[in-house]
>>> print(open('start22.pdb').read())   # PDB, C-alpha atoms
ATOM      1  CA  MET Y   1     -78.152-120.027  -0.853
ATOM      2  CA  ILE Y   2     -77.935-123.088   1.355
ATOM      3  CA  TRP Y   3     -79.082-125.766  -1.116
ATOM      4  CA  HIS Y   4     -76.733-127.539  -3.500
ATOM      5  CA  THR Y   5     -79.330-129.031  -5.801
ATOM      6  CA  TRP Y   6     -82.982-128.460  -6.641
ATOM      7  CA  ASN Y   7     -83.784-131.892  -5.227
ATOM      8  CA  ASP Y   8     -82.221-130.963  -1.869
ATOM      9  CA  PHE Y   9     -84.486-127.961  -1.737
ATOM     10  CA  VAL Y  10     -87.630-129.945  -2.562
ATOM     11  CA  ALA Y  11     -86.759-132.729  -0.099
ATOM     12  CA  MET Y  12     -86.397-130.284   2.850
ATOM     13  CA  GLY Y  13     -84.122-132.707   4.665
ATOM     14  CA  GLY Y  14     -86.820-135.396   4.619
ATOM     15  CA  TYR Y  15     -89.558-133.114   5.985
ATOM     16  CA  ALA Y  16     -91.046-132.194   2.592
ATOM     17  CA  PRO Y  17     -94.686-133.221   3.344
ATOM     18  CA  TYR Y  18     -94.719-131.215   6.585
ATOM     19  CA  VAL Y  19     -92.951-128.109   5.307
ATOM     20  CA  TRP Y  20     -94.653-127.940   1.895
ATOM     21  CA  GLY Y  21     -97.959-128.990   3.434
ATOM     22  CA  SER Y  22     -97.740-125.907   5.672
ATOM     23  CA  VAL Y  23     -96.632-123.452   2.990
ATOM     24  CA  GLY Y  24     -98.951-124.874   0.334
ATOM     25  CA  VAL Y  25    -102.120-124.881   2.435
ATOM     26  CA  THR Y  26    -101.352-121.344   3.659
ATOM     27  CA  ALA Y  27    -100.891-120.082   0.085
ATOM     28  CA  ALA Y  28    -104.022-121.920  -1.095
ATOM     29  CA  ALA Y  29    -106.114-120.566   1.798
ATOM     30  CA  LEU Y  30    -105.065-116.976   1.121
ATOM     31  CA  ALA Y  31    -105.673-117.411  -2.625
ATOM     32  CA  LEU Y  32    -109.169-118.755  -1.919
ATOM     33  CA  GLU Y  33    -109.900-115.799   0.352
ATOM     34  CA  VAL Y  34    -108.821-113.389  -2.400
ATOM     35  CA  LEU Y  35    -111.096-115.161  -4.922
ATOM     36  CA  ALA Y  36    -114.009-115.143  -2.464
ATOM     37  CA  LEU Y  37    -113.540-111.419  -1.789
ATOM     38  CA  ARG Y  38    -113.402-110.677  -5.512
ATOM     39  CA  ALA Y  39    -116.656-112.595  -6.062
ATOM     40  CA  ARG Y  40    -118.311-110.818  -3.129
ATOM     41  CA  ARG Y  41    -117.308-107.387  -4.413
ATOM     42  CA  ARG Y  42    -118.560-108.236  -7.897
ATOM     43  CA  ALA Y  43    -121.878-109.454  -6.456
ATOM     44  CA  ALA Y  44    -122.281-106.289  -4.353
ATOM     45  CA  LEU Y  45    -121.635-104.030  -7.363
ATOM     46  CA  ALA Y  46    -123.936-106.111  -9.594
ATOM     47  CA  HIS Y  47    -126.699-105.828  -6.999
ATOM     48  CA  LEU Y  48    -126.314-102.039  -6.984
ATOM     49  CA  GLU Y  49    -126.430-101.881 -10.769
ATOM     50  CA  ARG Y  50    -129.610-103.969 -10.911
ATOM     51  CA  HIS Y  51    -131.310-101.664  -8.422
ATOM     52  CA  ALA Y  52    -129.846 -98.396  -9.673
TER      53      ALA Y  52
ATOM     54  CA  MET X   1    -128.782 -87.740  13.196
ATOM     55  CA  THR X   2    -126.715 -85.682  10.786
ATOM     56  CA  PRO X   3    -126.663 -86.692   7.134
ATOM     57  CA  PRO X   4    -123.449 -88.358   5.901
ATOM     58  CA  SER X   5    -122.541 -85.401   3.689
ATOM     59  CA  SER X   6    -121.937 -83.238   6.758
ATOM     60  CA  HIS X   7    -119.318 -85.760   7.950
ATOM     61  CA  ALA X   8    -117.500 -85.320   4.668
ATOM     62  CA  ALA X   9    -117.659 -81.555   5.069
ATOM     63  CA  ALA X  10    -116.439 -81.734   8.675
ATOM     64  CA  LEU X  11    -113.343 -83.635   7.555
ATOM     65  CA  LYS X  12    -112.348 -80.781   5.300
ATOM     66  CA  ALA X  13    -112.688 -78.191   8.070
ATOM     67  CA  PRO X  14    -109.288 -76.905   9.248
ATOM     68  CA  GLY X  15    -107.885 -77.317  12.745
ATOM     69  CA  ARG X  16    -108.909 -80.356  14.764
ATOM     70  CA  ILE X  17    -108.841 -83.910  13.509
ATOM     71  CA  HIS X  18    -112.435 -85.017  13.219
ATOM     72  CA  TRP X  19    -112.181 -88.638  14.244
ATOM     73  CA  PHE X  20    -115.895 -89.261  14.024
ATOM     74  CA  GLY X  21    -115.838 -88.096  10.424
ATOM     75  CA  TYR X  22    -113.850 -91.199   9.547
ATOM     76  CA  ALA X  23    -116.519 -93.330  11.210
ATOM     77  CA  SER X  24    -118.839 -92.437   8.340
ATOM     78  CA  PRO X  25    -118.924 -95.287   5.799
ATOM     79  CA  GLN X  26    -119.202 -92.772   2.973
ATOM     80  CA  VAL X  27    -115.946 -91.083   3.974
ATOM     81  CA  PHE X  28    -114.022 -94.260   4.743
ATOM     82  CA  TYR X  29    -115.116 -96.218   1.643
ATOM     83  CA  PRO X  30    -112.837 -94.344  -0.833
ATOM     84  CA  ILE X  31    -109.987 -94.080   1.727
ATOM     85  CA  ALA X  32    -110.050 -97.870   2.182
ATOM     86  CA  GLY X  33    -110.103 -98.275  -1.600
ATOM     87  CA  LYS X  34    -106.934 -96.198  -1.935
ATOM     88  CA  LEU X  35    -105.138 -98.115   0.836
ATOM     89  CA  VAL X  36    -105.850-101.629  -0.534
ATOM     90  CA  PRO X  37    -103.345-101.679  -3.450
ATOM     91  CA  TRP X  38    -100.542-100.402  -1.184
ATOM     92  CA  PHE X  39    -101.065-103.083   1.449
ATOM     93  CA  ALA X  40    -101.576-105.781  -1.192
ATOM     94  CA  GLY X  41     -98.385-104.728  -2.988
ATOM     95  CA  ALA X  42     -96.429-104.599   0.273
ATOM     96  CA  ALA X  43     -97.726-108.071   1.152
ATOM     97  CA  LEU X  44     -96.504-109.576  -2.146
ATOM     98  CA  LEU X  45     -93.109-107.879  -1.915
ATOM     99  CA  LEU X  46     -92.549-108.763   1.752
ATOM    100  CA  ALA X  47     -93.702-112.363   1.198
ATOM    101  CA  ALA X  48     -91.207-112.764  -1.663
ATOM    102  CA  VAL X  49     -88.371-111.405   0.515
ATOM    103  CA  GLY X  50     -89.462-113.326   3.617
ATOM    104  CA  LEU X  51     -89.802-116.654   1.783
ATOM    105  CA  ALA X  52     -86.420-116.138   0.108
ATOM    106  CA  ILE X  53     -84.747-115.504   3.491
ATOM    107  CA  GLY X  54     -86.598-118.354   5.174
ATOM    108  CA  PHE X  55     -86.214-120.987   2.485
ATOM    109  CA  LEU X  56     -82.985-120.044   0.677
ATOM    110  CA  VAL X  57     -80.777-118.206   3.197
ATOM    111  CA  ALA X  58     -81.651-119.336   6.738
ATOM    112  CA  PRO X  59     -79.550-122.327   7.827
ATOM    113  CA  THR X  60     -80.901-125.769   8.699
ATOM    114  CA  ASP X  61     -81.621-126.086  12.427
ATOM    115  CA  ARG X  62     -79.245-128.348  14.333
ATOM    116  CA  GLN X  63     -82.007-129.988  16.400
ATOM    117  CA  GLN X  64     -85.067-129.896  14.185
ATOM    118  CA  GLY X  65     -83.523-130.115  10.732
ATOM    119  CA  ASP X  66     -85.550-128.396   8.019
ATOM    120  CA  ALA X  67     -88.872-129.094   9.775
ATOM    121  CA  TYR X  68     -88.329-125.861  11.723
ATOM    122  CA  ARG X  69     -88.994-123.884   8.500
ATOM    123  CA  ILE X  70     -92.697-124.244   9.257
ATOM    124  CA  ILE X  71     -91.989-121.396  11.703
ATOM    125  CA  PHE X  72     -92.029-118.915   8.807
ATOM    126  CA  VAL X  73     -95.774-119.397   8.370
ATOM    127  CA  HIS X  74     -96.763-120.808  11.770
ATOM    128  CA  VAL X  75     -95.639-117.989  14.053
ATOM    129  CA  PRO X  76     -96.880-115.101  11.840
ATOM    130  CA  ALA X  77    -100.258-116.851  11.440
ATOM    131  CA  ALA X  78    -100.537-117.504  15.184
ATOM    132  CA  TRP X  79     -99.605-113.911  16.100
ATOM    133  CA  LEU X  80    -102.139-112.569  13.591
ATOM    134  CA  SER X  81    -104.886-114.867  14.853
ATOM    135  CA  MET X  82    -104.595-113.234  18.297
ATOM    136  CA  LEU X  83    -103.986-109.683  17.058
ATOM    137  CA  ILE X  84    -106.993-109.761  14.719
ATOM    138  CA  TYR X  85    -109.195-111.028  17.549
ATOM    139  CA  VAL X  86    -108.130-108.135  19.792
ATOM    140  CA  ALA X  87    -108.781-105.685  16.941
ATOM    141  CA  MET X  88    -112.177-107.297  16.306
ATOM    142  CA  ALA X  89    -113.132-107.048  19.992
ATOM    143  CA  PHE X  90    -111.924-103.432  20.082
ATOM    144  CA  TRP X  91    -114.046-102.350  17.104
ATOM    145  CA  ALA X  92    -117.039-104.405  18.239
ATOM    146  CA  GLY X  93    -116.820-102.815  21.700
ATOM    147  CA  LEU X  94    -116.443 -99.330  20.235
ATOM    148  CA  GLY X  95    -119.491 -99.940  18.042
ATOM    149  CA  LEU X  96    -121.450-101.142  21.069
ATOM    150  CA  VAL X  97    -120.574 -98.094  23.185
ATOM    151  CA  LEU X  98    -120.495 -95.286  20.614
ATOM    152  CA  ASN X  99    -122.969 -96.715  18.098
ATOM    153  CA  THR X 100    -120.658 -95.774  15.245
ATOM    154  CA  ARG X 101    -121.797 -97.584  12.099
ATOM    155  CA  LEU X 102    -118.362 -98.319  10.695
ATOM    156  CA  SER X 103    -116.987 -99.929  13.899
ATOM    157  CA  ALA X 104    -119.389-102.873  13.805
ATOM    158  CA  LEU X 105    -118.680-103.377  10.102
ATOM    159  CA  MET X 106    -114.943-103.361  10.857
ATOM    160  CA  ALA X 107    -115.472-106.120  13.432
ATOM    161  CA  ARG X 108    -117.469-108.130  10.888
ATOM    162  CA  ALA X 109    -114.751-107.570   8.268
ATOM    163  CA  LEU X 110    -111.990-108.800  10.603
ATOM    164  CA  ALA X 111    -113.650-112.059  11.701
ATOM    165  CA  PRO X 112    -113.256-114.313   8.611
ATOM    166  CA  THR X 113    -109.605-113.357   8.088
ATOM    167  CA  GLY X 114    -108.929-113.916  11.789
ATOM    168  CA  ALA X 115    -110.603-117.309  11.655
ATOM    169  CA  LEU X 116    -108.533-118.193   8.585
ATOM    170  CA  PHE X 117    -105.262-117.374  10.335
ATOM    171  CA  THR X 118    -106.374-119.310  13.419
ATOM    172  CA  PHE X 119    -107.042-122.338  11.231
ATOM    173  CA  LEU X 120    -103.630-121.898   9.572
ATOM    174  CA  ALA X 121    -101.894-121.623  12.962
ATOM    175  CA  LEU X 122    -103.526-124.912  14.008
ATOM    176  CA  TRP X 123    -102.889-126.613  10.659
ATOM    177  CA  THR X 124     -99.203-125.670  10.435
ATOM    178  CA  GLY X 125     -98.874-126.473  14.143
ATOM    179  CA  ALA X 126    -100.158-130.002  13.527
ATOM    180  CA  LEU X 127     -97.712-130.455  10.644
ATOM    181  CA  TRP X 128     -94.922-129.240  12.899
ATOM    182  CA  GLY X 129     -95.994-131.268  15.926
ATOM    183  CA  ARG X 130     -96.027-134.576  14.059
ATOM    184  CA  PRO X 131     -92.282-134.691  13.185
ATOM    185  CA  THR X 132     -91.041-132.951  16.359
ATOM    186  CA  TRP X 133     -93.381-134.287  19.094
ATOM    187  CA  GLY X 134     -94.643-137.395  17.333
ATOM    188  CA  ALA X 135     -98.251-136.163  17.563
ATOM    189  CA  TRP X 136    -100.499-134.101  15.276
ATOM    190  CA  TRP X 137    -102.403-132.826  18.272
ATOM    191  CA  VAL X 138    -102.106-132.781  22.060
ATOM    192  CA  TRP X 139    -104.574-131.262  24.510
ATOM    193  CA  ASP X 140    -102.083-128.895  26.070
ATOM    194  CA  ALA X 141    -103.028-125.380  27.189
ATOM    195  CA  ARG X 142    -101.570-123.565  24.164
ATOM    196  CA  LEU X 143    -103.232-125.750  21.539
ATOM    197  CA  THR X 144    -106.549-125.993  23.372
ATOM    198  CA  SER X 145    -106.846-122.221  23.915
ATOM    199  CA  GLU X 146    -105.982-121.602  20.245
ATOM    200  CA  LEU X 147    -108.721-124.065  19.234
ATOM    201  CA  LEU X 148    -111.097-122.147  21.515
ATOM    202  CA  LEU X 149    -110.103-118.990  19.593
ATOM    203  CA  LEU X 150    -111.237-120.647  16.358
ATOM    204  CA  PHE X 151    -114.584-121.527  17.970
ATOM    205  CA  LEU X 152    -114.960-117.924  19.188
ATOM    206  CA  TYR X 153    -114.441-116.581  15.654
ATOM    207  CA  VAL X 154    -116.878-119.133  14.224
ATOM    208  CA  GLY X 155    -119.389-118.381  16.993
ATOM    209  CA  PHE X 156    -119.114-114.642  16.322
ATOM    210  CA  MET X 157    -119.744-115.115  12.596
ATOM    211  CA  ALA X 158    -122.508-117.710  13.059
ATOM    212  CA  LEU X 159    -124.362-115.560  15.591
ATOM    213  CA  GLN X 160    -124.189-112.457  13.399
ATOM    214  CA  SER X 161    -125.359-114.292  10.302
ATOM    215  CA  ALA X 162    -128.205-115.918  12.260
ATOM    216  CA  ILE X 163    -129.696-112.558  13.286
ATOM    217  CA  ASP X 164    -131.597-110.853  10.462
ATOM    218  CA  ASP X 165    -131.595-107.344  11.944
ATOM    219  CA  PRO X 166    -128.036-106.159  11.213
ATOM    220  CA  VAL X 167    -127.795-103.763  14.166
ATOM    221  CA  ARG X 168    -129.019-106.405  16.646
ATOM    222  CA  GLY X 169    -126.542-108.816  15.054
ATOM    223  CA  ASP X 170    -123.744-106.295  15.580
ATOM    224  CA  ARG X 171    -124.626-105.969  19.275
ATOM    225  CA  ALA X 172    -124.925-109.705  19.928
ATOM    226  CA  GLY X 173    -121.623-110.339  18.131
ATOM    227  CA  ALA X 174    -119.937-107.615  20.175
ATOM    228  CA  VAL X 175    -120.860-109.427  23.394
ATOM    229  CA  ILE X 176    -119.191-112.667  22.193
ATOM    230  CA  ALA X 177    -116.168-110.739  20.919
ATOM    231  CA  LEU X 178    -115.705-108.913  24.251
ATOM    232  CA  VAL X 179    -116.171-111.982  26.447
ATOM    233  CA  GLY X 180    -113.891-114.032  24.200
ATOM    234  CA  VAL X 181    -111.066-111.499  24.274
ATOM    235  CA  LEU X 182    -110.234-112.872  27.752
ATOM    236  CA  ASN X 183    -108.990-115.973  25.939
ATOM    237  CA  VAL X 184    -106.233-114.057  24.116
ATOM    238  CA  PRO X 185    -103.927-113.494  27.133
ATOM    239  CA  VAL X 186    -104.623-117.114  28.099
ATOM    240  CA  ILE X 187    -103.262-118.247  24.705
ATOM    241  CA  TYR X 188    -100.285-115.920  24.919
ATOM    242  CA  PHE X 189     -99.226-116.774  28.471
ATOM    243  CA  SER X 190    -100.337-120.428  28.416
ATOM    244  CA  VAL X 191     -96.757-121.600  27.834
ATOM    245  CA  GLN X 192     -95.701-119.818  31.048
ATOM    246  CA  TRP X 193     -98.729-120.552  33.233
ATOM    247  CA  TRP X 194     -98.940-124.259  32.477
ATOM    248  CA  ASN X 195     -96.507-127.020  31.739
ATOM    249  CA  THR X 196     -97.128-127.292  27.991
ATOM    250  CA  LEU X 197     -95.631-129.503  25.328
ATOM    251  CA  HIS X 198     -95.651-126.398  23.149
ATOM    252  CA  GLN X 199     -92.373-124.532  23.541
ATOM    253  CA  GLY X 200     -92.121-121.105  25.138
ATOM    254  CA  ALA X 201     -91.641-117.901  23.163
ATOM    255  CA  SER X 202     -88.360-117.624  21.271
ATOM    256  CA  VAL X 203     -88.975-113.921  20.740
ATOM    257  CA  SER X 204     -89.954-111.433  23.440
ATOM    258  CA  LEU X 205     -89.630-107.715  23.981
ATOM    259  CA  ARG X 206     -87.644-108.127  27.186
ATOM    260  CA  ALA X 207     -84.886-110.544  26.184
ATOM    261  CA  ALA X 208     -82.662-111.224  23.207
ATOM    262  CA  PRO X 209     -84.273-113.762  20.872
ATOM    263  CA  THR X 210     -83.018-117.316  21.134
ATOM    264  CA  MET X 211     -82.691-117.945  17.404
ATOM    265  CA  ALA X 212     -80.288-117.266  14.543
ATOM    266  CA  ALA X 213     -80.417-113.779  13.030
ATOM    267  CA  THR X 214     -81.506-114.934   9.558
ATOM    268  CA  MET X 215     -84.232-117.144  11.051
ATOM    269  CA  LEU X 216     -85.532-114.223  13.096
ATOM    270  CA  THR X 217     -85.376-111.835  10.131
ATOM    271  CA  GLY X 218     -87.265-114.252   7.890
ATOM    272  CA  MET X 219     -89.933-114.725  10.548
ATOM    273  CA  LEU X 220     -90.382-110.987  11.128
ATOM    274  CA  VAL X 221     -90.535-110.194   7.390
ATOM    275  CA  MET X 222     -93.139-112.945   6.928
ATOM    276  CA  THR X 223     -95.075-111.467   9.862
ATOM    277  CA  LEU X 224     -95.135-108.063   8.138
ATOM    278  CA  ALA X 225     -96.150-109.751   4.867
ATOM    279  CA  LEU X 226     -99.129-111.563   6.387
ATOM    280  CA  TRP X 227    -100.006-108.464   8.402
ATOM    281  CA  SER X 228    -100.162-106.390   5.193
ATOM    282  CA  TYR X 229    -102.162-109.123   3.498
ATOM    283  CA  ALA X 230    -104.647-109.198   6.370
ATOM    284  CA  ILE X 231    -105.108-105.403   6.275
ATOM    285  CA  ALA X 232    -105.722-105.485   2.510
ATOM    286  CA  ALA X 233    -108.191-108.396   2.757
ATOM    287  CA  VAL X 234    -110.058-106.818   5.678
ATOM    288  CA  LEU X 235    -110.341-103.455   3.894
ATOM    289  CA  VAL X 236    -111.722-105.132   0.762
ATOM    290  CA  ARG X 237    -114.263-107.024   2.877
ATOM    291  CA  LEU X 238    -115.131-103.819   4.738
ATOM    292  CA  ARG X 239    -115.873-102.112   1.402
ATOM    293  CA  CYS X 240    -118.143-105.024   0.419
ATOM    294  CA  LEU X 241    -119.925-104.798   3.797
ATOM    295  CA  ILE X 242    -120.408-101.037   3.368
ATOM    296  CA  LEU X 243    -121.941-101.535  -0.086
ATOM    297  CA  GLU X 244    -124.200-104.296   1.238
ATOM    298  CA  ARG X 245    -125.274-102.475   4.415
ATOM    299  CA  GLU X 246    -125.708 -98.988   2.940
ATOM    300  CA  ARG X 247    -127.598-100.130  -0.149
ATOM    301  CA  GLY X 248    -130.365 -97.580   0.383
ATOM    302  CA  ALA X 249    -128.044 -94.582   0.722
ATOM    303  CA  ALA X 250    -127.831 -92.103  -2.150
ATOM    304  CA  TRP X 251    -124.028 -92.012  -2.248
ATOM    305  CA  VAL X 252    -123.841 -95.797  -2.713
ATOM    306  CA  ALA X 253    -125.825 -95.469  -5.954
ATOM    307  CA  THR X 254    -123.002 -93.298  -7.351
ATOM    308  CA  VAL X 255    -120.575 -96.158  -6.658
ATOM    309  CA  SER X 256    -122.465 -98.428  -9.040
ATOM    310  CA  LEU X 257    -122.424 -95.683 -11.675
ATOM    311  CA  GLY X 258    -118.652 -95.743 -11.486
ATOM    312  CA  ALA X 259    -118.341 -92.275  -9.910
ATOM    313  CA  GLN X 260    -116.246 -93.634  -7.013
ATOM    314  CA  ARG X 261    -115.432 -97.298  -7.278
TER     315      ARG X 261
END
>>> encode(input="start22.pdb", output="structure tokens")
Amino acid sequence: MIWHTWNDFVAMGGYAPYVWGSVGVTAAALALEVLALRARRRAALAHLERHA
Amino acid sequence: MTPPSSHAAALKAPGRIHWFGYASPQVFYPIAGKLVPWFAGAALLLAAVGLAIGFLVAPTDRQQGDAYRIIFVHVPAAWLSMLIYVAMAFWAGLGLVLNTRLSALMARALAPTGALFTFLALWTGALWGRPTWGAWWVWDARLTSELLLLFLYVGFMALQSAIDDPVRGDRAGAVIALVGVLNVPVIYFSVQWWNTLHQGASVSLRAAPTMAATMLTGMLVMTLALWSYAIAAVLVRLRCLILERERGAAWVATVSLGAQR
């Protein structure tokens, strides 16, 4: 563990917006893709059930 | 053309490996379904380990301070953006030559995830460029060729969705994918071929990496994490595409009845 306090960790040596902006947008993008895939799968199965 | 059920039977025959059997959507659909939870689980586990190494263990860089930690998402995303494109071109080309149904669907399944990682490589690159170069964006060879990669993905998807006949769409997309694959070595070697603001590779197969061991470990674990994620996401999308494309097939009806979800 290289950080002494929680605030040190959050501050990222003054680069917080850049570092957390990278990690946050990556996590959000992947989460959105997962949600989109879930919706697509549900729609595909619902379509099959309607036309079964 | 042989009915799909004979592909399933051929797979069970002893002796040779029947590669074309796996090219049947009916055979691959349940296999993909079984693989998804393993790759998704591996992705979560590896991401937890990789983020812990990268953000709690790896030391602050002497030159770049903590801004360098963007590397733990930037490099894996950038590697994946190129790798997925090569895979997409490979499957699109295979579908074009062999007319295997699953290959074209695999190419279609890879494109959105590849485009997403290309966007993330550019986004994290901009957030890294600003504090280290003083610019969000420069028109150097590495950045420009990566932007071209994003346009190639978007062009591939736009062209395929614009063509109503799915098989004609597959073929037209394959042409873009194969022409565009020439851009991948340009991206990779751009930092050697041109004088770029973007730094050269810190990791190569021929020389010892020029970074601290914990930094390198964190980056490689994050690469495996995003790689696993991409495989899981692509397989889920492939299963959706199979259900959408093969709607008329008898076996697909059993999926909706819950026989093989």
>>> closest_residue(input="start22.pdb", among="X:Phe20, X:Trp123, X:Tyr85, X:Tyr29", to="X:Cys240", atoms="only C-alpha atoms")
X:Tyr29
>>> residues_around(input="start22.pdb", residues="stretch 46-60 of chain X", least_positions_apart="6", cutoff="8 Å", atoms="only C-alpha atoms", output="number ranges by chain")
Y: 1-3; X: 66, 69, 72, 214-215, 217-222, 224-226
>>> atom_distance(input="start22.pdb", atom1="atom CA of X:Glu246", atom2="atom CA of X:Thr100")
13.7 Å
>>> residues_around(input="start22.pdb", residues="stretch 44-48 of chain Y", least_positions_apart="4", cutoff="12 Å", atoms="all atoms listed in the file", output="PyMOL selection string")
(chain Y and resi 37-40+52) or (chain X and resi 236-258+260-261)
>>> write_last_selection(input="start22.pdb", atoms="C-alpha atoms", output="PDB file, in the frame of the given file")
ATOM      1  CA  LEU Y  37    -113.540-111.419  -1.789  1.00  0.00           C
ATOM      2  CA  ARG Y  38    -113.402-110.677  -5.512  1.00  0.00           C
ATOM      3  CA  ALA Y  39    -116.656-112.595  -6.062  1.00  0.00           C
ATOM      4  CA  ARG Y  40    -118.311-110.818  -3.129  1.00  0.00           C
ATOM      5  CA  ALA Y  52    -129.846 -98.396  -9.673  1.00  0.00           C
TER       6      ALA Y  52
ATOM      7  CA  VAL X 236    -111.722-105.132   0.762  1.00  0.00           C
ATOM      8  CA  ARG X 237    -114.263-107.024   2.877  1.00  0.00           C
ATOM      9  CA  LEU X 238    -115.131-103.819   4.738  1.00  0.00           C
ATOM     10  CA  ARG X 239    -115.873-102.112   1.402  1.00  0.00           C
ATOM     11  CA  CYS X 240    -118.143-105.024   0.419  1.00  0.00           C
ATOM     12  CA  LEU X 241    -119.925-104.798   3.797  1.00  0.00           C
ATOM     13  CA  ILE X 242    -120.408-101.037   3.368  1.00  0.00           C
ATOM     14  CA  LEU X 243    -121.941-101.535  -0.086  1.00  0.00           C
ATOM     15  CA  GLU X 244    -124.200-104.296   1.238  1.00  0.00           C
ATOM     16  CA  ARG X 245    -125.274-102.475   4.415  1.00  0.00           C
ATOM     17  CA  GLU X 246    -125.708 -98.988   2.940  1.00  0.00           C
ATOM     18  CA  ARG X 247    -127.598-100.130  -0.149  1.00  0.00           C
ATOM     19  CA  GLY X 248    -130.365 -97.580   0.383  1.00  0.00           C
ATOM     20  CA  ALA X 249    -128.044 -94.582   0.722  1.00  0.00           C
ATOM     21  CA  ALA X 250    -127.831 -92.103  -2.150  1.00  0.00           C
ATOM     22  CA  TRP X 251    -124.028 -92.012  -2.248  1.00  0.00           C
ATOM     23  CA  VAL X 252    -123.841 -95.797  -2.713  1.00  0.00           C
ATOM     24  CA  ALA X 253    -125.825 -95.469  -5.954  1.00  0.00           C
ATOM     25  CA  THR X 254    -123.002 -93.298  -7.351  1.00  0.00           C
ATOM     26  CA  VAL X 255    -120.575 -96.158  -6.658  1.00  0.00           C
ATOM     27  CA  SER X 256    -122.465 -98.428  -9.040  1.00  0.00           C
ATOM     28  CA  LEU X 257    -122.424 -95.683 -11.675  1.00  0.00           C
ATOM     29  CA  GLY X 258    -118.652 -95.743 -11.486  1.00  0.00           C
ATOM     30  CA  GLN X 260    -116.246 -93.634  -7.013  1.00  0.00           C
ATOM     31  CA  ARG X 261    -115.432 -97.298  -7.278  1.00  0.00           C
TER      32      ARG X 261
END
>>> resolve_selection(input="start22.pdb", expression="the PyMOL selection byres ((chain X and resi 156) around 10)", output="list in words")
Ala107, Arg108, Ala111, Pro112, Leu150, Phe151, Leu152, Tyr153, Val154, Gly155, Met157, Ala158, Leu159, Gln160, Ser161, Gly169, Asp170, Ala172, Gly173, Ala174, Val175, Ile176, Ala177 and Gly180 of chain X
>>> resolve_selection(input="start22.pdb", expression="the PyMOL selection byres ((chain Y and resi 20-30) around 9)", output="list in words")
Val10, Met12, Tyr15, Ala16, Pro17, Tyr18, Val19, Ala31, Leu32, Glu33, Val34 and Leu35 of chain Y; Ile70, Phe72, Val73, His74, Leu116, Phe117, Leu120, Trp123, Thr124, Gly125, Leu127, Trp128 and Tyr229 of chain X
>>> axis_aligned_box(input="start22.pdb", around="stretch 24-38 of chain X", padding_each_side="3 Å", output="AutoDock Vina command-line options")
--center_x -109.9 --center_y -96.4 --center_z 2.4 --size_x 24.7 --size_y 16.6 --size_z 17.8
>>> residues_around(input="start22.pdb", residues="X:Arg171", least_positions_apart="4", cutoff="9 Å", atoms="all atoms listed in the file", output="PyMOL selection string")
chain X and resi 92-93+95-96+104+160+166-167+175
>>> atom_distance(input="start22.pdb", atom1="atom CA of X:Ala141", atom2="atom CA of X:Ser190")
5.8 Å
>>> closest_residue(input="start22.pdb", among="X:Arg168, X:Arg62, X:Arg101, X:Arg130", to="chain Y", atoms="all atoms listed in the file")
X:Arg130
>>> atom_distance(input="start22.pdb", atom1="atom CA of X:Trp227", atom2="atom CA of X:Asp140")
27.1 Å
>>> resolve_selection(input="start22.pdb", expression="the PyMOL selection byres ((chain X and resi 196) around 12)", output="ChimeraX atom specification")
/X:133,138-145,187,189-195,197-201
